file data.pdb (PDB, C-alpha atoms and all ligand atoms)
ATOM      1  CA  MET T   1       0.000   0.000   0.000  1.00  0.00           C
ATOM      2  CA  THR T   2       2.775   2.389   0.960  1.00  0.00           C
ATOM      3  CA  ALA T   3       4.787   1.420  -2.094  1.00  0.00           C
ATOM      4  CA  PHE T   4       1.799   2.197  -4.311  1.00  0.00           C
ATOM      5  CA  ARG T   5       1.405   5.569  -2.652  1.00  0.00           C
ATOM      6  CA  LEU T   6       5.068   6.389  -3.153  1.00  0.00           C
ATOM      7  CA  ALA T   7       4.873   5.315  -6.767  1.00  0.00           C
ATOM      8  CA  PHE T   8       1.913   7.614  -7.256  1.00  0.00           C
ATOM      9  CA  ALA T   9       3.763  10.472  -5.563  1.00  0.00           C
ATOM     10  CA  ALA T  10       6.679   9.960  -7.934  1.00  0.00           C
ATOM     11  CA  ILE T  11       4.339  10.145 -10.931  1.00  0.00           C
ATOM     12  CA  ALA T  12       2.635  13.272  -9.586  1.00  0.00           C
ATOM     13  CA  ILE T  13       5.990  14.924  -9.045  1.00  0.00           C
ATOM     14  CA  THR T  14       7.169  14.025 -12.545  1.00  0.00           C
ATOM     15  CA  VAL T  15       4.029  15.590 -13.997  1.00  0.00           C
ATOM     16  CA  VAL T  16       4.480  18.695 -11.845  1.00  0.00           C
ATOM     17  CA  ALA T  17       8.130  18.935 -12.898  1.00  0.00           C
ATOM     18  CA  ALA T  18       7.170  18.560 -16.550  1.00  0.00           C
ATOM     19  CA  VAL T  19       4.795  21.527 -16.498  1.00  0.00           C
ATOM     20  CA  ALA T  20       6.624  23.666 -13.926  1.00  0.00           C
ATOM     21  CA  GLY T  21       7.760  26.937 -15.356  1.00  0.00           C
ATOM     22  CA  SER T  22       5.032  27.060 -17.962  1.00  0.00           C
ATOM     23  CA  ALA T  23       2.280  29.674 -17.831  1.00  0.00           C
ATOM     24  CA  ALA T  24      -0.245  26.857 -17.576  1.00  0.00           C
ATOM     25  CA  PHE T  25       1.412  25.596 -14.400  1.00  0.00           C
ATOM     26  CA  SER T  26       1.304  28.927 -12.648  1.00  0.00           C
ATOM     27  CA  GLN T  27      -2.328  29.377 -13.694  1.00  0.00           C
ATOM     28  CA  MET T  28      -3.133  25.904 -12.364  1.00  0.00           C
ATOM     29  CA  MET T  29      -1.454  26.556  -9.034  1.00  0.00           C
ATOM     30  CA  HIS T  30      -3.193  29.877  -8.487  1.00  0.00           C
ATOM     31  CA  GLY T  31      -6.460  29.414 -10.326  1.00  0.00           C
ATOM     32  CA  HIS T  32      -8.488  28.331  -7.297  1.00  0.00           C
ATOM     33  CA  GLY T  33     -12.242  28.682  -7.164  1.00  0.00           C
ATOM     34  CA  GLY T  34     -13.236  26.224  -9.854  1.00  0.00           C
ATOM     35  CA  GLY T  35     -14.496  28.981 -12.122  1.00  0.00           C
ATOM     36  CA  GLY T  36     -13.371  27.197 -15.280  1.00  0.00           C
ATOM     37  CA  GLY T  37     -10.249  26.949 -17.398  1.00  0.00           C
ATOM     38  CA  MET T  38      -7.274  25.643 -15.466  1.00  0.00           C
ATOM     39  CA  GLY T  39      -9.147  26.330 -12.222  1.00  0.00           C
ATOM     40  CA  MET T  40     -11.061  23.160 -13.075  1.00  0.00           C
ATOM     41  CA  MET T  41      -7.915  21.259 -12.106  1.00  0.00           C
ATOM     42  CA  HIS T  42      -9.089  21.626  -8.540  1.00  0.00           C
ATOM     43  CA  ASP T  43     -12.449  19.986  -9.063  1.00  0.00           C
ATOM     44  CA  MET T  44     -12.609  16.327  -8.038  1.00  0.00           C
ATOM     45  CA  ALA T  45     -12.002  15.241 -11.644  1.00  0.00           C
ATOM     46  CA  GLY T  46      -8.690  17.082 -11.585  1.00  0.00           C
ATOM     47  CA  MET T  47      -7.665  15.710  -8.193  1.00  0.00           C
ATOM     48  CA  PRO T  48      -7.252  11.952  -8.630  1.00  0.00           C
ATOM     49  CA  GLY T  49      -4.781  12.053  -5.728  1.00  0.00           C
ATOM     50  CA  LEU T  50      -7.729  12.447  -3.358  1.00  0.00           C
ATOM     51  CA  ARG T  51      -8.739   8.854  -3.996  1.00  0.00           C
ATOM     52  CA  GLY T  52      -7.320   6.184  -1.734  1.00  0.00           C
ATOM     53  CA  THR T  53      -6.690   2.490  -1.470  1.00  0.00           C
ATOM     54  CA  ASP T  54      -9.390   2.264   1.239  1.00  0.00           C
ATOM     55  CA  ALA T  55     -11.347   5.521   0.972  1.00  0.00           C
ATOM     56  CA  THR T  56     -15.002   5.958   0.082  1.00  0.00           C
ATOM     57  CA  GLN T  57     -16.165   8.284  -2.690  1.00  0.00           C
ATOM     58  CA  GLU T  58     -17.732  10.470   0.044  1.00  0.00           C
ATOM     59  CA  GLU T  59     -14.399  10.807   1.847  1.00  0.00           C
ATOM     60  CA  SER T  60     -12.592  11.798  -1.360  1.00  0.00           C
ATOM     61  CA  ASP T  61     -15.408  14.222  -2.258  1.00  0.00           C
ATOM     62  CA  GLU T  62     -15.154  15.867   1.177  1.00  0.00           C
ATOM     63  CA  LEU T  63     -11.457  16.435   0.635  1.00  0.00           C
ATOM     64  CA  ALA T  64     -12.210  18.006  -2.759  1.00  0.00           C
ATOM     65  CA  VAL T  65     -14.787  20.340  -1.182  1.00  0.00           C
ATOM     66  CA  MET T  66     -12.212  21.383   1.432  1.00  0.00           C
ATOM     67  CA  PHE T  67      -9.396  21.914  -1.075  1.00  0.00           C
ATOM     68  CA  ASN T  68     -11.696  23.857  -3.404  1.00  0.00           C
ATOM     69  CA  GLY T  69     -12.921  25.990  -0.501  1.00  0.00           C
ATOM     70  CA  PHE T  70      -9.662  26.343   1.430  1.00  0.00           C
ATOM     71  CA  GLN T  71      -9.808  30.130   1.263  1.00  0.00           C
ATOM     72  CA  THR T  72     -12.858  30.072   3.555  1.00  0.00           C
ATOM     73  CA  PHE T  73     -10.934  28.460   6.468  1.00  0.00           C
ATOM     74  CA  GLU T  74      -9.768  30.094   9.645  1.00  0.00           C
ATOM     75  CA  ARG T  75      -7.794  28.123  12.168  1.00  0.00           C
ATOM     76  CA  GLU T  76      -6.063  28.472  15.525  1.00  0.00           C
ATOM     77  CA  VAL T  77      -3.641  25.879  16.867  1.00  0.00           C
ATOM     78  CA  SER T  78      -2.349  25.517  20.431  1.00  0.00           C
ATOM     79  CA  LEU T  79       0.554  23.118  20.878  1.00  0.00           C
ATOM     80  CA  LEU T  80       0.216  21.435  24.279  1.00  0.00           C
ATOM     81  CA  ASP T  81       3.020  19.578  26.066  1.00  0.00           C
ATOM     82  CA  ASP T  82       1.074  16.373  25.506  1.00  0.00           C
ATOM     83  CA  GLY T  83      -0.730  17.144  22.244  1.00  0.00           C
ATOM     84  CA  ILE T  84      -2.798  19.741  20.398  1.00  0.00           C
ATOM     85  CA  ARG T  85      -5.924  21.857  20.672  1.00  0.00           C
ATOM     86  CA  THR T  86      -7.192  23.246  17.385  1.00  0.00           C
ATOM     87  CA  VAL T  87     -10.172  25.370  16.372  1.00  0.00           C
ATOM     88  CA  THR T  88     -11.058  25.309  12.674  1.00  0.00           C
ATOM     89  CA  ARG T  89     -14.003  26.925  10.936  1.00  0.00           C
ATOM     90  CA  SER T  90     -15.174  27.785   7.438  1.00  0.00           C
ATOM     91  CA  SER T  91     -17.313  30.752   6.483  1.00  0.00           C
ATOM     92  CA  ASP T  92     -19.007  28.485   3.886  1.00  0.00           C
ATOM     93  CA  PRO T  93     -21.610  26.111   5.416  1.00  0.00           C
ATOM     94  CA  GLN T  94     -20.919  23.399   2.817  1.00  0.00           C
ATOM     95  CA  VAL T  95     -17.184  23.468   3.466  1.00  0.00           C
ATOM     96  CA  MET T  96     -17.872  23.459   7.216  1.00  0.00           C
ATOM     97  CA  GLU T  97     -20.054  20.389   6.792  1.00  0.00           C
ATOM     98  CA  ALA T  98     -17.310  18.602   4.857  1.00  0.00           C
ATOM     99  CA  LEU T  99     -14.764  19.591   7.520  1.00  0.00           C
ATOM    100  CA  VAL T 100     -16.851  18.236  10.407  1.00  0.00           C
ATOM    101  CA  SER T 101     -17.456  14.985   8.562  1.00  0.00           C
ATOM    102  CA  HIS T 102     -13.764  14.721   7.595  1.00  0.00           C
ATOM    103  CA  VAL T 103     -12.493  15.295  11.129  1.00  0.00           C
ATOM    104  CA  SER T 104     -14.897  12.898  12.833  1.00  0.00           C
ATOM    105  CA  GLY T 105     -14.452  10.290  10.096  1.00  0.00           C
ATOM    106  CA  MET T 106     -10.649  10.462  10.084  1.00  0.00           C
ATOM    107  CA  ILE T 107     -10.304  10.457  13.872  1.00  0.00           C
ATOM    108  CA  GLY T 108     -12.644   7.456  13.902  1.00  0.00           C
ATOM    109  CA  ARG T 109     -10.352   5.755  11.383  1.00  0.00           C
ATOM    110  CA  VAL T 110      -7.301   6.518  13.526  1.00  0.00           C
ATOM    111  CA  GLU T 111      -9.035   4.943  16.524  1.00  0.00           C
ATOM    112  CA  GLU T 112      -9.767   1.829  14.452  1.00  0.00           C
ATOM    113  CA  GLY T 113      -6.354   1.746  12.728  1.00  0.00           C
ATOM    114  CA  ARG T 114      -7.993   1.992   9.275  1.00  0.00           C
ATOM    115  CA  ASP T 115      -5.616   3.911   7.014  1.00  0.00           C
ATOM    116  CA  PRO T 116      -7.538   5.291   3.980  1.00  0.00           C
ATOM    117  CA  GLY T 117      -4.345   5.294   1.890  1.00  0.00           C
ATOM    118  CA  ILE T 118      -5.219   8.618   0.231  1.00  0.00           C
ATOM    119  CA  PHE T 119      -2.579   8.982  -2.469  1.00  0.00           C
ATOM    120  CA  ILE T 120      -1.477  12.462  -1.453  1.00  0.00           C
ATOM    121  CA  GLN T 121      -1.645  11.894   2.303  1.00  0.00           C
ATOM    122  CA  SER T 122       1.239  12.900   4.493  1.00  0.00           C
ATOM    123  CA  PRO T 123       3.585  10.199   5.877  1.00  0.00           C
ATOM    124  CA  THR T 124       3.122  11.985   9.232  1.00  0.00           C
ATOM    125  CA  LEU T 125      -0.194  10.116   9.469  1.00  0.00           C
ATOM    126  CA  ASP T 126       1.450   6.665   9.515  1.00  0.00           C
ATOM    127  CA  ILE T 127       2.183   6.695  13.246  1.00  0.00           C
ATOM    128  CA  PHE T 128      -1.439   7.634  14.032  1.00  0.00           C
ATOM    129  CA  PHE T 129      -2.807   4.599  12.207  1.00  0.00           C
ATOM    130  CA  ALA T 130      -0.139   2.383  13.811  1.00  0.00           C
ATOM    131  CA  ARG T 131      -0.592   3.736  17.358  1.00  0.00           C
ATOM    132  CA  GLY T 132      -4.195   4.979  17.437  1.00  0.00           C
ATOM    133  CA  ASP T 133      -4.606   3.441  20.905  1.00  0.00           C
ATOM    134  CA  ALA T 134      -2.060   5.924  22.233  1.00  0.00           C
ATOM    135  CA  ILE T 135      -4.200   8.974  21.316  1.00  0.00           C
ATOM    136  CA  GLU T 136      -7.056  10.472  23.318  1.00  0.00           C
ATOM    137  CA  SER T 137      -9.298  12.545  21.046  1.00  0.00           C
ATOM    138  CA  ASP T 138     -12.100  14.935  21.854  1.00  0.00           C
ATOM    139  CA  ILE T 139     -14.175  16.688  19.177  1.00  0.00           C
ATOM    140  CA  ALA T 140     -16.687  19.467  19.841  1.00  0.00           C
ATOM    141  CA  VAL T 141     -18.609  21.504  17.274  1.00  0.00           C
ATOM    142  CA  THR T 142     -19.159  24.979  18.749  1.00  0.00           C
ATOM    143  CA  ASP T 143     -20.022  28.486  17.471  1.00  0.00           C
ATOM    144  CA  GLU T 144     -16.277  29.060  17.141  1.00  0.00           C
ATOM    145  CA  GLY T 145     -15.807  26.078  14.839  1.00  0.00           C
ATOM    146  CA  ILE T 146     -14.769  22.483  15.308  1.00  0.00           C
ATOM    147  CA  VAL T 147     -12.576  22.153  18.382  1.00  0.00           C
ATOM    148  CA  VAL T 148     -10.232  19.161  18.376  1.00  0.00           C
ATOM    149  CA  THR T 149      -8.168  18.172  21.399  1.00  0.00           C
ATOM    150  CA  GLN T 150      -5.780  15.248  21.002  1.00  0.00           C
ATOM    151  CA  THR T 151      -3.319  14.119  23.648  1.00  0.00           C
ATOM    152  CA  SER T 152      -0.910  11.237  24.107  1.00  0.00           C
ATOM    153  CA  ALA T 153       1.611   9.902  26.635  1.00  0.00           C
ATOM    154  CA  ASP T 154       3.842   8.736  23.734  1.00  0.00           C
ATOM    155  CA  PRO T 155       6.405  11.467  22.896  1.00  0.00           C
ATOM    156  CA  GLU T 156       6.715  10.314  19.255  1.00  0.00           C
ATOM    157  CA  VAL T 157       2.949  10.544  18.832  1.00  0.00           C
ATOM    158  CA  VAL T 158       2.933  14.006  20.467  1.00  0.00           C
ATOM    159  CA  ALA T 159       5.647  15.148  18.024  1.00  0.00           C
ATOM    160  CA  ALA T 160       3.575  13.814  15.104  1.00  0.00           C
ATOM    161  CA  LEU T 161       0.429  15.560  16.410  1.00  0.00           C
ATOM    162  CA  HIS T 162       2.367  18.834  16.453  1.00  0.00           C
ATOM    163  CA  THR T 163       3.733  18.267  12.933  1.00  0.00           C
ATOM    164  CA  HIS T 164       0.370  17.228  11.544  1.00  0.00           C
ATOM    165  CA  ALA T 165      -1.417  20.238  13.065  1.00  0.00           C
ATOM    166  CA  GLY T 166       1.064  22.408  11.167  1.00  0.00           C
ATOM    167  CA  GLU T 167       0.433  20.485   7.945  1.00  0.00           C
ATOM    168  CA  VAL T 168      -3.338  20.941   8.327  1.00  0.00           C
ATOM    169  CA  SER T 169      -2.815  24.684   8.905  1.00  0.00           C
ATOM    170  CA  ASP T 170      -0.707  24.851   5.741  1.00  0.00           C
ATOM    171  CA  MET T 171      -3.424  23.055   3.710  1.00  0.00           C
ATOM    172  CA  ALA T 172      -6.108  25.322   5.202  1.00  0.00           C
ATOM    173  CA  GLU T 173      -4.027  28.348   4.221  1.00  0.00           C
ATOM    174  CA  ARG T 174      -2.704  27.318   0.806  1.00  0.00           C
ATOM    175  CA  GLY T 175      -4.801  24.356  -0.343  1.00  0.00           C
ATOM    176  CA  MET T 176      -3.249  21.980  -2.890  1.00  0.00           C
ATOM    177  CA  HIS T 177      -0.195  24.180  -3.226  1.00  0.00           C
ATOM    178  CA  ALA T 178       0.818  23.110   0.312  1.00  0.00           C
ATOM    179  CA  VAL T 179       0.426  19.433  -0.670  1.00  0.00           C
ATOM    180  CA  HIS T 180       2.471  19.794  -3.861  1.00  0.00           C
ATOM    181  CA  GLU T 181       5.261  21.522  -1.968  1.00  0.00           C
ATOM    182  CA  ARG T 182       5.327  18.891   0.782  1.00  0.00           C
ATOM    183  CA  MET T 183       5.487  16.096  -1.822  1.00  0.00           C
ATOM    184  CA  MET T 184       8.331  17.811  -3.655  1.00  0.00           C
ATOM    185  CA  ARG T 185      10.221  18.257  -0.353  1.00  0.00           C
ATOM    186  CA  GLY T 186       9.686  14.558   0.448  1.00  0.00           C
ATOM    187  CA  ALA T 187      11.076  13.570  -2.932  1.00  0.00           C
ATOM    188  CA  SER T 188      14.271  15.524  -2.424  1.00  0.00           C
ATOM    189  CA  ASN T 189      15.055  13.995   1.008  1.00  0.00           C
TER     190      ASN T 189
HETATM  191  C1  LIG B   1      -7.840  21.207   3.086  1.00  0.00           C
HETATM  192  C2  LIG B   1      -7.400  20.029   3.522  1.00  0.00           C
HETATM  193  C3  LIG B   1      -7.608  19.478   4.920  1.00  0.00           C
HETATM  194  C4  LIG B   1      -8.130  20.083   6.028  1.00  0.00           C
HETATM  195  C5  LIG B   1      -8.653  21.498   6.201  1.00  0.00           C
HETATM  196  C6  LIG B   1      -8.111  19.091   7.084  1.00  0.00           C
HETATM  197  C7  LIG B   1      -8.560  19.306   8.378  1.00  0.00           C
HETATM  198  C8  LIG B   1      -8.339  18.470   9.448  1.00  0.00           C
HETATM  199  C9  LIG B   1      -8.536  18.801  10.839  1.00  0.00           C
HETATM  200  C10 LIG B   1      -9.053  20.139  11.346  1.00  0.00           C
HETATM  201  C11 LIG B   1      -8.190  17.723  11.575  1.00  0.00           C
HETATM  202  C12 LIG B   1      -8.182  17.590  13.122  1.00  0.00           C
HETATM  203  C13 LIG B   1      -6.742  17.707  13.650  1.00  0.00           C
HETATM  204  C14 LIG B   1      -6.236  19.126  13.632  1.00  0.00           C
HETATM  205  O1  LIG B   1      -7.019  20.076  13.822  1.00  0.00           O
HETATM  206  O2  LIG B   1      -5.018  19.328  13.425  1.00  0.00           O
HETATM  207  C15 LIG B   1      -7.812  16.683  10.646  1.00  0.00           C
HETATM  208  C16 LIG B   1      -7.432  15.427  11.022  1.00  0.00           C
HETATM  209  C17 LIG B   1      -7.097  14.460  10.142  1.00  0.00           C
HETATM  210  N1  LIG B   1      -6.977  14.580   8.775  1.00  0.00           N
HETATM  211 FE1  LIG B   1      -7.352  16.203   7.678  1.00  0.00          FE
HETATM  212  N2  LIG B   1      -7.580  17.923   6.609  1.00  0.00           N
HETATM  213  C18 LIG B   1      -7.259  18.123   5.290  1.00  0.00           C
HETATM  214  C19 LIG B   1      -6.686  17.200   4.451  1.00  0.00           C
HETATM  215  C20 LIG B   1      -6.439  15.890   4.766  1.00  0.00           C
HETATM  216  C21 LIG B   1      -5.933  14.895   3.861  1.00  0.00           C
HETATM  217  C22 LIG B   1      -5.566  15.111   2.385  1.00  0.00           C
HETATM  218  C23 LIG B   1      -5.875  13.722   4.550  1.00  0.00           C
HETATM  219  C24 LIG B   1      -5.421  12.406   3.986  1.00  0.00           C
HETATM  220  C25 LIG B   1      -5.793  11.255   4.443  1.00  0.00           C
HETATM  221  C26 LIG B   1      -6.299  13.986   5.915  1.00  0.00           C
HETATM  222  C27 LIG B   1      -6.357  13.080   6.953  1.00  0.00           C
HETATM  223  C28 LIG B   1      -6.595  13.361   8.275  1.00  0.00           C
HETATM  224  C29 LIG B   1      -6.471  12.408   9.371  1.00  0.00           C
HETATM  225  C30 LIG B   1      -6.067  10.931   9.268  1.00  0.00           C
HETATM  226  C31 LIG B   1      -6.785  13.096  10.539  1.00  0.00           C
HETATM  227  C32 LIG B   1      -6.812  12.516  11.977  1.00  0.00           C
HETATM  228  C33 LIG B   1      -5.447  12.700  12.610  1.00  0.00           C
HETATM  229  C34 LIG B   1      -5.393  12.301  14.060  1.00  0.00           C
HETATM  230  O3  LIG B   1      -6.231  11.539  14.550  1.00  0.00           O
HETATM  231  O4  LIG B   1      -4.481  12.754  14.767  1.00  0.00           O
HETATM  232  N3  LIG B   1      -6.647  15.313   6.005  1.00  0.00           N
HETATM  233  N4  LIG B   1      -7.903  17.154   9.360  1.00  0.00           N
END
call {"tool": "encode", "arguments": {"input": "data.pdb", "output": "structure tokens"}}
result
Amino acid sequence: MTAFRLAFAAIAITVVAAVAGSAAFSQMMHGHGGGGGMGMMHDMAGMPGLRGTDATQEESDELAVMFNGFQTFEREVSLLDDGIRTVTRSSDPQVMEALVSHVSGMIGRVEEGRDPGIFIQSPTLDIFFARGDAIESDIAVTDEGIVVTQTSADPEVVAALHTHAGEVSDMAERGMHAVHERMMRGASN
């Protein structure tokens, strides 16, 4: 499963490298909003990387809604000694709905050790699916947004929670651009 994901990442990076530098590439990277033209790249049809080896269509669609609507997110992260507390909200009710479903669904998967194998997912997630028992999670939907508190007694898990919270913030701020950059960084390590 991991090998497949890495193979996919290598293909994605090759494609990105092939078009990098062209006007079309820069339009694709900045043409968010799905208004047409290269902006369509960010509709589900243009984001095959949101599929997974064990993900439902609904889960992939939710990710597409969030990536398409990333500009509507606001997020605050507190790094705790033993974990994280995050507050995330979207000004768009549909994006908010996808976010709530994503967070509860993914944390449920972590608790059950069911890795969705989303092609573009961060390797930071691996330890969560391997050591889900070591994480205490609390989710509350409030007026402020969805409040997620996750703690652990395992220092490696705590470090991964901190890293992942930063990765989520980056995706909420920059959408797919954050993912492409992370994948390129991974390839050069
Ligand atoms: C715009 C993109 C995304 C947003 C806004 C988002 C949002 C979130 C939020 C708010 C959390 C709760 C933890 C936290 O607040 O730091 C979370 C957890 C999670 N997300 Fe995402 N996510 C995005 C993309 C993805 C992708 C592409 C995957 C790939 C599988 C993914 C998988 C997960 C998993 C597995 C968790 C649970 C982690 C844990 O239990 O510690 N997310 N996401």
call {"tool": "resolve_selection", "arguments": {"input": "data.pdb", "expression": "the PyMOL selection byres (((chain T and resi 166-178) around 8) and not hetatm)", "output": "PyMOL selection string"}}
result
chain T and resi 29+67-68+70-71+73-75+162-165+179-182
call {"tool": "residues_near_ligand", "arguments": {"input": "data.pdb", "ligand": "ligand LIG 1 (chain B)", "cutoff": "7 Å", "atoms": "all atoms listed in the file", "output": "NGL selection string"}}
result
:T and (50 or 63 or 66-67 or 70 or 86-88 or 99 or 102-103 or 106-107 or 110 or 116-118 or 120-122 or 125 or 128 or 148 or 150 or 161 or 164-165 or 168 or 171-172 or 175)
call {"tool": "closest_residue", "arguments": {"input": "data.pdb", "among": "T:Gly186, T:Gly69, T:Gly108, T:Gly49", "to": "T:Gln94", "atoms": "only C-alpha atoms"}}
result
T:Gly69
call {"tool": "closest_residue", "arguments": {"input": "data.pdb", "among": "T:Phe119, T:Glu76, T:Arg85, T:Glu112", "to": "T:Asp138", "atoms": "all atoms listed in the file"}}
result
T:Arg85
call {"tool": "atom_distance", "arguments": {"input": "data.pdb", "atom1": "atom CA of T:Ala159", "atom2": "atom CA of T:Ala134"}}
result
12.7 Å
call {"tool": "atom_distance", "arguments": {"input": "data.pdb", "atom1": "atom CA of T:Asp115", "atom2": "atom CA of T:Phe129"}}
result
5.9 Å
call {"tool": "atom_distance", "arguments": {"input": "data.pdb", "atom1": "atom CA of T:Ser60", "atom2": "atom CA of T:Val157"}}
result
25.5 Å
call {"tool": "closest_residue", "arguments": {"input": "data.pdb", "among": "T:Ser104, T:Val65, T:Glu97, T:Asp81", "to": "T:Ala140", "atoms": "all atoms listed in the file"}}
result
T:Ser104
call {"tool": "closest_residue", "arguments": {"input": "data.pdb", "among": "T:Thr124, T:Ala130, T:Val141, T:Gly105", "to": "T:Thr56", "atoms": "all atoms listed in the file"}}
result
T:Gly105
call {"tool": "build_atoms", "arguments": {"input": "data.pdb", "residues": "stretch 91-107 of chain T", "atoms": "N, CA and C atoms", "output": "compact mmCIF listing (two decimals), keeping the file's coordinate frame"}}
result
# COMPACT_ATOMS: atom_id res chain seq x y z
N SER T 91 -16.21 29.80 6.62
CA SER T 91 -17.31 30.75 6.48
C SER T 91 -18.37 30.19 5.53
N ASP T 92 -18.07 29.09 4.84
CA ASP T 92 -19.01 28.48 3.89
C ASP T 92 -19.64 27.24 4.54
N PRO T 93 -20.96 27.23 4.72
CA PRO T 93 -21.61 26.11 5.42
C PRO T 93 -21.32 24.74 4.80
N GLN T 94 -21.20 24.70 3.47
CA GLN T 94 -20.92 23.40 2.82
C GLN T 94 -19.51 22.90 3.13
N VAL T 95 -18.57 23.83 3.15
CA VAL T 95 -17.18 23.47 3.47
C VAL T 95 -17.10 23.07 4.94
N MET T 96 -17.85 23.78 5.78
CA MET T 96 -17.87 23.46 7.22
C MET T 96 -18.42 22.05 7.43
N GLU T 97 -19.46 21.73 6.68
CA GLU T 97 -20.05 20.39 6.79
C GLU T 97 -19.05 19.31 6.39
N ALA T 98 -18.33 19.57 5.31
CA ALA T 98 -17.31 18.60 4.86
C ALA T 98 -16.20 18.47 5.90
N LEU T 99 -15.83 19.60 6.50
CA LEU T 99 -14.76 19.59 7.52
C LEU T 99 -15.17 18.75 8.73
N VAL T 100 -16.39 18.97 9.21
CA VAL T 100 -16.85 18.24 10.41
C VAL T 100 -16.88 16.74 10.11
N SER T 101 -17.38 16.39 8.94
CA SER T 101 -17.46 14.98 8.56
C SER T 101 -16.05 14.39 8.41
N HIS T 102 -15.16 15.17 7.78
CA HIS T 102 -13.76 14.72 7.60
C HIS T 102 -13.10 14.44 8.94
N VAL T 103 -13.20 15.41 9.85
CA VAL T 103 -12.49 15.30 11.13
C VAL T 103 -13.04 14.11 11.93
N SER T 104 -14.36 14.00 12.03
CA SER T 104 -14.90 12.90 12.83
C SER T 104 -14.60 11.57 12.15
N GLY T 105 -14.72 11.53 10.82
CA GLY T 105 -14.45 10.29 10.10
C GLY T 105 -13.00 9.86 10.22
N MET T 106 -12.08 10.82 10.06
CA MET T 106 -10.65 10.46 10.08
C MET T 106 -10.20 10.09 11.50
N ILE T 107 -10.70 10.81 12.50
CA ILE T 107 -10.30 10.46 13.87
C ILE T 107 -10.89 9.08 14.22
